[in-house]
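Novice: One structure, pasted below without further comment.
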Amino acid sequence: QVQLVESGGGLVQAGGSLRLSCTASGSRFSFNIMGWYRQAPGKQRELVASILPDGSKKYADFAKSRFTISGDKVKNTLYLQMDDLDFDDTGLYYCNGILGSWTFWGQGTQVTVSR
């Protein structure tokens, strides 16, 4: 059973940083793509950043220059380094992995940025 477990969320002041982690387990195969999504209250879930096994990365416009996605294949862990956070970054952050025709989600980790 494939599981994605996020951690690292919390309360931070505007301008601060957080590092999210997502540990994958239960799969003998590498994901085709992994990414971070977020959902703010009353808004739809949106892509933050994604990464391919070859290291290619894609960022949403709001994440460019402030967020960095990375992965550690040995630890089966995906990271999201978030710097210069602002109030609009508040939301529930989800880890996502696609393996063949299957899509997996973590339970989410809350990020709250105070003004």
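In the structure tokens, chains take letters A, B, ... by order of appearance, with residues numbered from 1 within each chain and ligands from 1 in the order shown.
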So which residues of chain A fall under strand (DSSP E or B) by DSSP, listed as a PyMOL selection string?

Specialist: chain A and resi 3-7+10-13+18-25+33-39+46-51+57-59+67-72+77-82+91-99+102-105+109-114

Novice: Would you pick out the contacts of stretch 89-105 of chain A at 7 Å or less, using only C-alpha atoms, so that residues sharing its chain but fewer than 3 positions from it are not included, and give the list as a list in words?

Specialist: Leu4, Glu6, Cys22, Phe31, Asn32, Ile33, Met34, Gly35, Trp36, Tyr37, Arg38, Gln39, Ala40, Pro41, Leu85, Asp86, Gly108, Thr109, Gln110, Val111, Thr112 and Val113 of chain A

Novice: Counting only C-alpha atoms, figure out which residue out of A:Leu47, A:Leu52, A:Met82, A:Val5 gets nearest to A:Ser17.

Specialist: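 Once distances to A:Ser17 are computed over only C-alpha atoms, the minimum belongs to A:Met82.
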
Novice: Any idea what the distance is between atom CA of A:Leu78 and atom CA of A:Tyr59?

Specialist: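 Separation of atom CA of A:Leu78 and atom CA of A:Tyr59: 14.7 Å.
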
Novice: Tell me, in Å to one decimal, how far atom CA of A:Phe67 is from atom CA of A:Val2.

Specialist: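 According to the coordinates, atom CA of A:Phe67 and atom CA of A:Val2 are separated by 26.3 Å.
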
Novice: Applying 12 Å and only C-alpha atoms, which residues near A:Arg66 remain after dropping the ones on its own chain fewer than 3 positions away? List them as a PyMOL selection string.

Specialist: chain A and resi 15-19+48-49+59-63+69+80-86+89

Novice: Using Å and a single decimal, report how far atom CA of A:Asp54 sits from atom CA of A:Gln1.

Specialist: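 That distance, rounded to one decimal, is 24.8 Å.
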